[in-house]
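Asker: Can you keep this structure in mind? I'll have questions shortly.
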Amino acid sequence: MLNVLIRRILIAIPVLIVVASLTFFFIRLAPGGPFDADKVVSPQVMKNLNAAYNLDAPLHEQYFDYMSGVVVGDFGPSFRYPGRSVSEMIYTGLPITFELAFYALMIAVALGIFSGVLAALKRNTFLDYFPMAIAMLGICVPTFLMGPILVLVFGINLEVLPVSGWDTLSGDKLLPSITLGFAYAAYIARLSRGGMLEVLGQDFIRTARAKGLSEFSIVTRHAMQGGLLPVVSFMGPAIAGLLGGSFVVETIFQIPGLGRFYVEAAFNRDYTMILGTTIFFSAMIIFFNLLSDLAVLLLNPRARENL
Amino acid sequence: MKKITSIFLVAILYGCGSSVSPVDQGLIDQVMHIGNGSEPQGLDPHIVTGVPEHHLLITMCEGLTISNPEGGANLPGMAESWEISEDGKTYIFNIRKDAKWSNGDDFLAEDMVWSWMRVLTPSLGSQYPDMLYYVVGAEEFNTGVITDFSKVGVKAIDAKTLEVKLNNPTPFFLGLLSHYSTWPVHKETVLEFGEIDDRQGLWTRPGNFVCNGPMNLKSWELNKKIIVEKNPLYWDADQVKLNQMHFYPVSDINTEERMFRAGQLHLTSTVPSQKCGVWREEGNPNLRIDPYMGTYYYRANVNVEPLNNAKVRKALTYSIDREKLTEKVTQCGQIPAYSFTPPGAAGYNPDTEIPYDPELARQLLSEALEEEGISGIEDFPVLQILYNTSEDHRKIALTIQQMWQQNLGINVELENMDWKVYLSRQNSMDYQISRAGWIGDYEDPNTFLDIMRTGRGNNRTGWSNQEFDELVGKANATADQEERYRLLGEAEKILIDELPIIPVYTYVRSYQLSPDVKGYSPNYLDHHHPKTLYLERD
């Protein structure tokens with residue numbers, strides 16, 4: 001187990017260096033620079049600006065300058081927002097994105113596992129078809145449609161919840177969390193139904209039943225441990241997806257999270273901000289995948305044997 | 001299941017249903033909630049550019065003059081009065097005796113001198129130094145030709161008197177002074193957090209920020225909200241009725257519209273274009289459509305064939321039915337444009353005409369074909385319209401494509417590009433026809449016509465006309481306003497005869513405004529001074 005951990009961390013370092021280097025050079029290949037604006041500034045002003053951000057230095061020099069900063073945790077100043085460092089902006093947006101992802105995940109896990117397990121247990125009944133139909137809907141309806149629909153119903157027609165904001169008006173965290181969580185709940189429901197069905201048909205479950213265990217214990221103590229393994233493996237990418245993919249929900253609900261900075265930085269050619277957020281999200285994805293792999297190892301003895 | 005759902009709904013109803021909306025609460029507290037487009041780049045008037053930044057800065061800082069909220073000539077700001085020499089080249093500004101910074105320091109003429117030195121310091125990288133290039137020596141200082149700022153034509157005669165010397169009589173100079181790039185910053189505060197040319201200084205943060213406007217910065221939550229509150233030390237504080245203004249950087253137009261509907265905003269930055277036509281028909285009482293000093297147009301790259309031929313450009317221009325386009329496509333009160341400068345602003349009404357005449361257009365095109373040695377319309381090169389990603393631009397481009405194909409029988413392709421790619425293609429003249437928009441920085445035709453002079457960075461058409469250049473140059477050196485407008489009118493005629501730019505429509509500013517907001521008057525530059533605003537329910 002410790003070996004796996006050390007090995008994966010050692011692999012993560014070169015991966016991050018490659019991601020950072022490729023991003024550094026690729027964004028400079030994209031046409032247009034950070035200071036291109038509708039109102040063209042004079043060549044002298046452009047020269048002044050490039051000098052102020054060290055963009056007039058040779059590219060390799062800029063690269064080494066940047067990378068040596070990253071090693072000590074300095075992602076440089078944002079080009080778009082003078083007076084703001086990229087680290088500060090990540091630090092400001094991250095807790096909010098995390099909080100949103102956390103609530104969404106709680107909703108996704110609770111709703112997904114409950115309906116998935118229920119569907120598997122009541123196979124081919126209304127309690128199977130109905131949650132699975134909703135799950136299919138959740139997978140098919142994108143968040144940019146789900147969000148505004150929820151807002152129209154609860155925010156504008158019923159007037160019971162605020163239509164936007166985060167920590168501004170009471171109850172404003174509910175709709176974005178549901179919107180973001182619902183799509184993932186749908187996936188988790190389908191995964192847990194599939195996993196549970198596979199396990200419930202196996203011999204050890206029959207043995208447990210024959211030994212006279214109650215249905216509740218069979219499901220919670222024996223079936224779920226194996227049946228939910230696909231869900232555990234899905235958790236890593238799901239958390240990474242929730243963090244990186246919160247952009248749409250953050251925009252619809254006017255949430256000051258990191259996702260908005262990430263996407264806007266690309267449009268603005270805010271080089272340092274693109275780099276900082278890319279490196280950061282890459283690290284997050286690697287970290288959560290590692291966590292979910294470790295969780296699978298803990299839960300699944302067969303996976304441990306293959307180490 | 002049913003029971004759980006009803007308990008859940010009841011809980012929500014009890015938990016949230018009873019709260020008062022921000023708009024209703026705002027009425028009691030005199031707190032105005034404003035949708036402000038996007039997160040401002042910053043709050044340093046010498047560094048930032050953009051409309052959201054301007055909306056914020058106008059509440060917190062004040063220049064020598066302020067825009068007239070009713071439109072028209074600027075009103076006294078930090079300067080209570082001024083004298084202009086007979087040749088129109090020397091201005092003496094008398095700074096208000098009671099003018100103070102928000103930390104209580106006296107506002108001095110010397111503060112203006114230092115501030116202008118800062119905005120012109122090359123290493124600061126200000127994007128608007130040219131607003132002050134009318135001042136003697138300013139351009140030379142900013143481009144590094146001279147390094148001694150005492151040679152620049154601005155100096156403090158005494159604590160409260162400022163003298164400014166201009167290169168030419170510049171009748172719109174007072175108008176320029178309400179642009180934020182010319183506004184003062186508090187020297188001691190700026191220097192406390194960095195050098196004069198420090199773009200990263202933290203002086204604009206809440207708690208550090210010191211300026212001289214009607215409001216002062218209270219809090220700034222990134223991408224969430226900026227709150228400004230009444231500055232009791234402002235010289236005209238008695239006039240300021242609002243206690244606070246809350247600015248929300250809502251980049252999604254539809255979110256902003258929902259926030260307005262739910263009573264979270266008094267004022268939106270814009271309206272979803274697809275709803276504007278419907279609202280106008282239905283008579284939405286909150287919809288406001290005001291004149292705006294901006295022109296939507298197409299640039300023609302005159303360096304490439306066949307657009308180097310003025311007759312081709314004329315044919316293209318005359319075959320656009322602007323009335324139909326604004327009525328059926330844009331649908332939000334836009335005004336068909338028959339000149340480059342929006343008519344009416346600052347009393348300037350260009351005497352130019354652009355007919356919609358497909359017959360004449362076809363004739364011009366066939367003449368052009370002959371001149372260029374093209375045997376027939378089928379050999380006419382395919383034209384490409386470059387535009388940046390936006391549903392509105394796409395709709396307009398599609399309409400114009402269709403009009404050109406129908407009226408002239410030519411082939412037109414559309415090229416949709418990401419904003420920065422579009423800018424870079426336009427800057428490197430890698431296009432044939434390109435969508436463009438120009439918004440005036442101050443209320444004077446010069447802010448439009450000047451960009452079309454030879455070699456101007458924003459010309460971007462490759463067009464050059466000596467007579468036009470001379471007329472605009474001459475107008476800039478003329479103090480007599482009537483004569484100036486005559487010269488600029490002549491220049492405008494040349495422009496509309498040569499058509500390196502194809503005017504499409506004059507912008508309007510469309511937004512939603514709560515009926516509670518009073519004192520919000522339309523003006524061409526969309527400048528709304530907070531001291532005229534207050535909240536009251538009829």
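Residue names in the structure tokens use chain letters A, B, ... in the order shown, residue numbers from 1 in each chain, and ligand numbers from 1 in the order shown.
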Would you kindly return, as a list in words, each protein, DNA or RNA residue with an atom no farther than 12 Å from any atom of Glu415 in chain B, considering only C-alpha atoms and excluding same-chain residues fewer than 4 positions away?

Answerer: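 The filter keeps Leu383, Gln384, Ile385, Leu386, Tyr387, Asn388, Thr389, Ser390, His393, Arg394, Ala397, Leu398, Gln401, Val421, Tyr422, Arg425, Asp430, Tyr431, Gln432, Ile433, Ser434 and Arg435 of chain B.
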
Asker: Residues within 8 Å of range 258-264 of chain A, please, as a tab-separated table (two decimals) with C-alpha atoms, in the first residue's frame. Count only C-alpha atoms; anything in the same chain fewer than 2 positions from it doesn't count.

Answerer:
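Output file around-v7.tsv is given in full below:
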```tsv
chain	number	residue	atom	x	y	z
A	89	MET	CA	-7.15	34.22	-6.85
A	90	ILE	CA	-6.92	30.44	-6.52
A	92	THR	CA	-10.06	33.02	-2.95
A	93	GLY	CA	-12.03	30.88	-5.39
A	94	LEU	CA	-11.00	27.44	-4.26
A	96	ILE	CA	-16.07	28.17	-2.68
A	97	THR	CA	-15.61	25.67	-5.49
A	243	LEU	CA	-14.22	20.83	-9.21
A	244	GLY	CA	-13.23	21.52	-12.79
A	245	GLY	CA	-16.69	21.31	-14.26
A	246	SER	CA	-18.39	23.67	-11.87
A	247	PHE	CA	-17.86	26.53	-14.32
A	250	GLU	CA	-20.88	28.99	-11.15
A	251	THR	CA	-21.85	31.16	-14.12
A	256	PRO	CA	-17.40	33.38	-7.18
A	266	ALA	CA	-8.41	31.14	-21.42
A	267	PHE	CA	-10.60	33.67	-23.22
A	268	ASN	CA	-8.54	36.54	-21.85
A	273	MET	CA	-3.84	32.47	-14.64
A	274	ILE	CA	-4.33	29.71	-17.25
A	277	THR	CA	-5.32	26.98	-12.64
A	278	THR	CA	-4.29	24.20	-15.06
```

Asker: For chain A versus chain B, which residues have an atom no more than 6 Å away, and what is each residue's nearest atom pair and distance in Å rounded to one decimal, using only C-alpha atoms, chain-then-number order, as a tab-separated table?

Answerer:
```
residue	atom	partner	partner_atom	distance
A:Pro31	CA	B:Val421	CA	5.2
A:Gly32	CA	B:Lys420	CA	4.8
A:Val40	CA	B:Asn458	CA	5.6
A:Val45	CA	B:Gly125	CA	5.8
A:Asn48	CA	B:Gly125	CA	4.9
A:Leu49	CA	B:Gly125	CA	4.8
A:Tyr81	CA	B:Gln41	CA	4.5
A:Pro82	CA	B:Gln200	CA	5.6
A:Gly83	CA	B:Gln200	CA	3.6
A:Ile156	CA	B:Ala262	CA	5.9
A:Val160	CA	B:Gly17	CA	4.7
A:Ile252	CA	B:Thr255	CA	5.8
A:Pro256	CA	B:Asn223	CA	4.8
```

Asker: According to DSSP computed on the backbone, where in range 61-231 of chain B is there helix (DSSP H, G or I)? Give the residues as number ranges by chain.

Answerer: B: 109-120, 122-124, 129-132, 138-142, 149-151, 173-176, 180-182, 187-192

Asker: Restricting the calculation to only C-alpha atoms: of A:Leu118, A:Leu175, A:Ala12, A:Leu55, which residue gets closest to Leu197 in chain A?

Answerer: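 Of all the options, A:Leu118 lies closest to Leu197 in chain A.
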
Asker: Please run DSSP on the backbone and report, as a VMD selection string, all residues within range 33-194 of chain B that come out as strand (DSSP E).

Answerer: chain B and resid 33 to 35 65 to 66 75 to 76 79 to 84 90 to 95 154 to 158 161 to 165

Asker: Which residues are close to Ala133 in chain A, i.e. within 12 Å by only C-alpha atoms, leaving aside same-chain residues fewer than 5 positions away? Reply as a CSV table (one decimal) with C-alpha atoms, in the first residue's frame.

Answerer:
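The result, stored in selection.csv:
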```csv
chain,number,residue,atom,x,y,z
A,115,SER,CA,-32.0,5.0,-5.6
A,116,GLY,CA,-29.4,2.7,-7.2
A,119,ALA,CA,-33.6,-0.2,-7.9
A,126,PHE,CA,-41.9,0.6,-10.4
A,127,LEU,CA,-39.2,1.3,-7.8
A,128,ASP,CA,-36.6,0.2,-10.4
A,138,GLY,CA,-30.3,13.5,-15.1
A,139,ILE,CA,-27.6,12.2,-17.4
A,140,CYS,CA,-29.2,13.6,-20.5
A,186,ALA,CA,-27.7,10.0,-11.9
A,187,TYR,CA,-24.4,8.3,-12.8
A,189,ALA,CA,-27.5,5.5,-9.3
A,190,ARG,CA,-26.8,3.6,-12.5
```

Asker: Hey, can you check how far CA of Glu327 in chain B sits from CA of Leu525 in chain B?

Answerer: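 If I compute the distance from CA of Glu327 in chain B to CA of Leu525 in chain B, I get 23.7 Å.
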
Asker: Please provide as an NGL selection string all residues within 8 Å of Asn94 in chain B, with the sequence filter that same-chain residues fewer than 2 positions apart are discarded (counting only C-alpha atoms).

Answerer: :B and (79-82 or 92 or 96 or 160-162)

Asker: Nearest to Trp279 in chain B among B:Tyr511, B:Ile146, B:Gly194, B:Glu391, with distances taken over only C-alpha atoms: which residue is it?

Answerer: B:Tyr511

Asker: Range 319-326 of chain B: which residues within 12 Å, counting only C-alpha atoms, same-chain residues fewer than 6 positions away excluded, as a PyMOL selection string?

Answerer: chain B and resi 277+296-298+312-313+332-338+354-365+392+395-410+502-508

Asker: Output C-alpha atoms of each residue in that selection to a file, as a PDB file, in the first residue's frame.

Answerer:
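That gives us out.pdb:
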```pdb
ATOM      1  CA  GLY B 277     -38.026  42.735 -29.314  1.00  0.00           C
ATOM      2  CA  TYR B 296     -21.623  49.227 -35.156  1.00  0.00           C
ATOM      3  CA  TYR B 297     -19.868  48.942 -38.483  1.00  0.00           C
ATOM      4  CA  TYR B 298     -17.909  46.702 -40.825  1.00  0.00           C
ATOM      5  CA  VAL B 312     -16.961  47.846 -54.641  1.00  0.00           C
ATOM      6  CA  ARG B 313     -17.122  49.229 -51.095  1.00  0.00           C
ATOM      7  CA  CYS B 332     -33.730  46.575 -29.708  1.00  0.00           C
ATOM      8  CA  GLY B 333     -34.182  50.130 -30.867  1.00  0.00           C
ATOM      9  CA  GLN B 334     -30.835  50.401 -32.675  1.00  0.00           C
ATOM     10  CA  ILE B 335     -30.755  53.309 -35.108  1.00  0.00           C
ATOM     11  CA  PRO B 336     -29.730  52.760 -38.752  1.00  0.00           C
ATOM     12  CA  ALA B 337     -26.357  54.497 -39.229  1.00  0.00           C
ATOM     13  CA  TYR B 338     -25.727  56.760 -42.198  1.00  0.00           C
ATOM     14  CA  ILE B 354     -26.053  56.311 -47.447  1.00  0.00           C
ATOM     15  CA  PRO B 355     -28.867  55.190 -49.739  1.00  0.00           C
ATOM     16  CA  TYR B 356     -30.321  51.716 -49.794  1.00  0.00           C
ATOM     17  CA  ASP B 357     -30.314  51.328 -53.529  1.00  0.00           C
ATOM     18  CA  PRO B 358     -29.637  47.825 -54.893  1.00  0.00           C
ATOM     19  CA  GLU B 359     -29.985  49.107 -58.445  1.00  0.00           C
ATOM     20  CA  LEU B 360     -27.260  51.722 -57.974  1.00  0.00           C
ATOM     21  CA  ALA B 361     -25.182  49.186 -56.072  1.00  0.00           C
ATOM     22  CA  ARG B 362     -25.311  46.708 -58.945  1.00  0.00           C
ATOM     23  CA  GLN B 363     -24.357  49.445 -61.384  1.00  0.00           C
ATOM     24  CA  LEU B 364     -21.399  50.493 -59.222  1.00  0.00           C
ATOM     25  CA  LEU B 365     -20.305  46.895 -58.940  1.00  0.00           C
ATOM     26  CA  ASP B 392     -25.907  38.744 -32.159  1.00  0.00           C
ATOM     27  CA  LYS B 395     -27.321  37.086 -36.916  1.00  0.00           C
ATOM     28  CA  ILE B 396     -26.223  40.427 -38.331  1.00  0.00           C
ATOM     29  CA  ALA B 397     -23.516  38.810 -40.464  1.00  0.00           C
ATOM     30  CA  LEU B 398     -26.022  36.278 -41.810  1.00  0.00           C
ATOM     31  CA  THR B 399     -28.433  39.064 -42.742  1.00  0.00           C
ATOM     32  CA  ILE B 400     -25.770  41.112 -44.487  1.00  0.00           C
ATOM     33  CA  GLN B 401     -24.476  37.994 -46.240  1.00  0.00           C
ATOM     34  CA  GLN B 402     -27.959  37.366 -47.556  1.00  0.00           C
ATOM     35  CA  MET B 403     -28.482  40.993 -48.624  1.00  0.00           C
ATOM     36  CA  TRP B 404     -25.204  41.027 -50.531  1.00  0.00           C
ATOM     37  CA  GLN B 405     -25.889  37.716 -52.182  1.00  0.00           C
ATOM     38  CA  GLN B 406     -29.415  38.746 -53.154  1.00  0.00           C
ATOM     39  CA  ASN B 407     -28.763  42.320 -54.190  1.00  0.00           C
ATOM     40  CA  LEU B 408     -25.355  41.907 -55.816  1.00  0.00           C
ATOM     41  CA  GLY B 409     -25.212  38.222 -56.679  1.00  0.00           C
ATOM     42  CA  ILE B 410     -21.819  37.755 -55.028  1.00  0.00           C
ATOM     43  CA  ILE B 502     -19.466  50.425 -43.647  1.00  0.00           C
ATOM     44  CA  PRO B 503     -21.716  51.922 -40.960  1.00  0.00           C
ATOM     45  CA  VAL B 504     -24.508  49.542 -39.899  1.00  0.00           C
ATOM     46  CA  TYR B 505     -26.269  51.021 -36.895  1.00  0.00           C
ATOM     47  CA  THR B 506     -25.846  53.430 -33.997  1.00  0.00           C
ATOM     48  CA  TYR B 507     -25.733  51.629 -30.706  1.00  0.00           C
ATOM     49  CA  VAL B 508     -28.312  52.140 -28.017  1.00  0.00           C
TER      50      VAL B 508
END
```

Asker: Find the residues around range 283-297 of chain A up to 6 Å (only C-alpha atoms counted), leave out those fewer than 3 positions away in its own chain, and share them as a VMD selection string.

Answerer: chain A and resid 233 236 240 280 300 303 to 304

Asker: Please identify all polymer residues within 12 Å of Met117 in chain B, counting only C-alpha atoms, omitting same-chain residues fewer than 2 positions from it, and present them as a PyMOL selection string.

Answerer: chain B and resi 46+110-115+119-124+126+129+132+135+137-139+141-142+147-155+181-185+187+196-197

Asker: Taking only C-alpha atoms into account, name the residue in B:Asp444, B:Ser178, B:Asp236, B:Tyr134 that is nearest to Asn68 in chain B.

Answerer: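 Of all the options, B:Ser178 lies closest to Asn68 in chain B.
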
Asker: Quick one: of B:Thr170, B:Gln481, B:Ser67, B:Asn212, who's nearest to Asp106 in chain B, counting only C-alpha atoms?

Answerer: B:Asn212
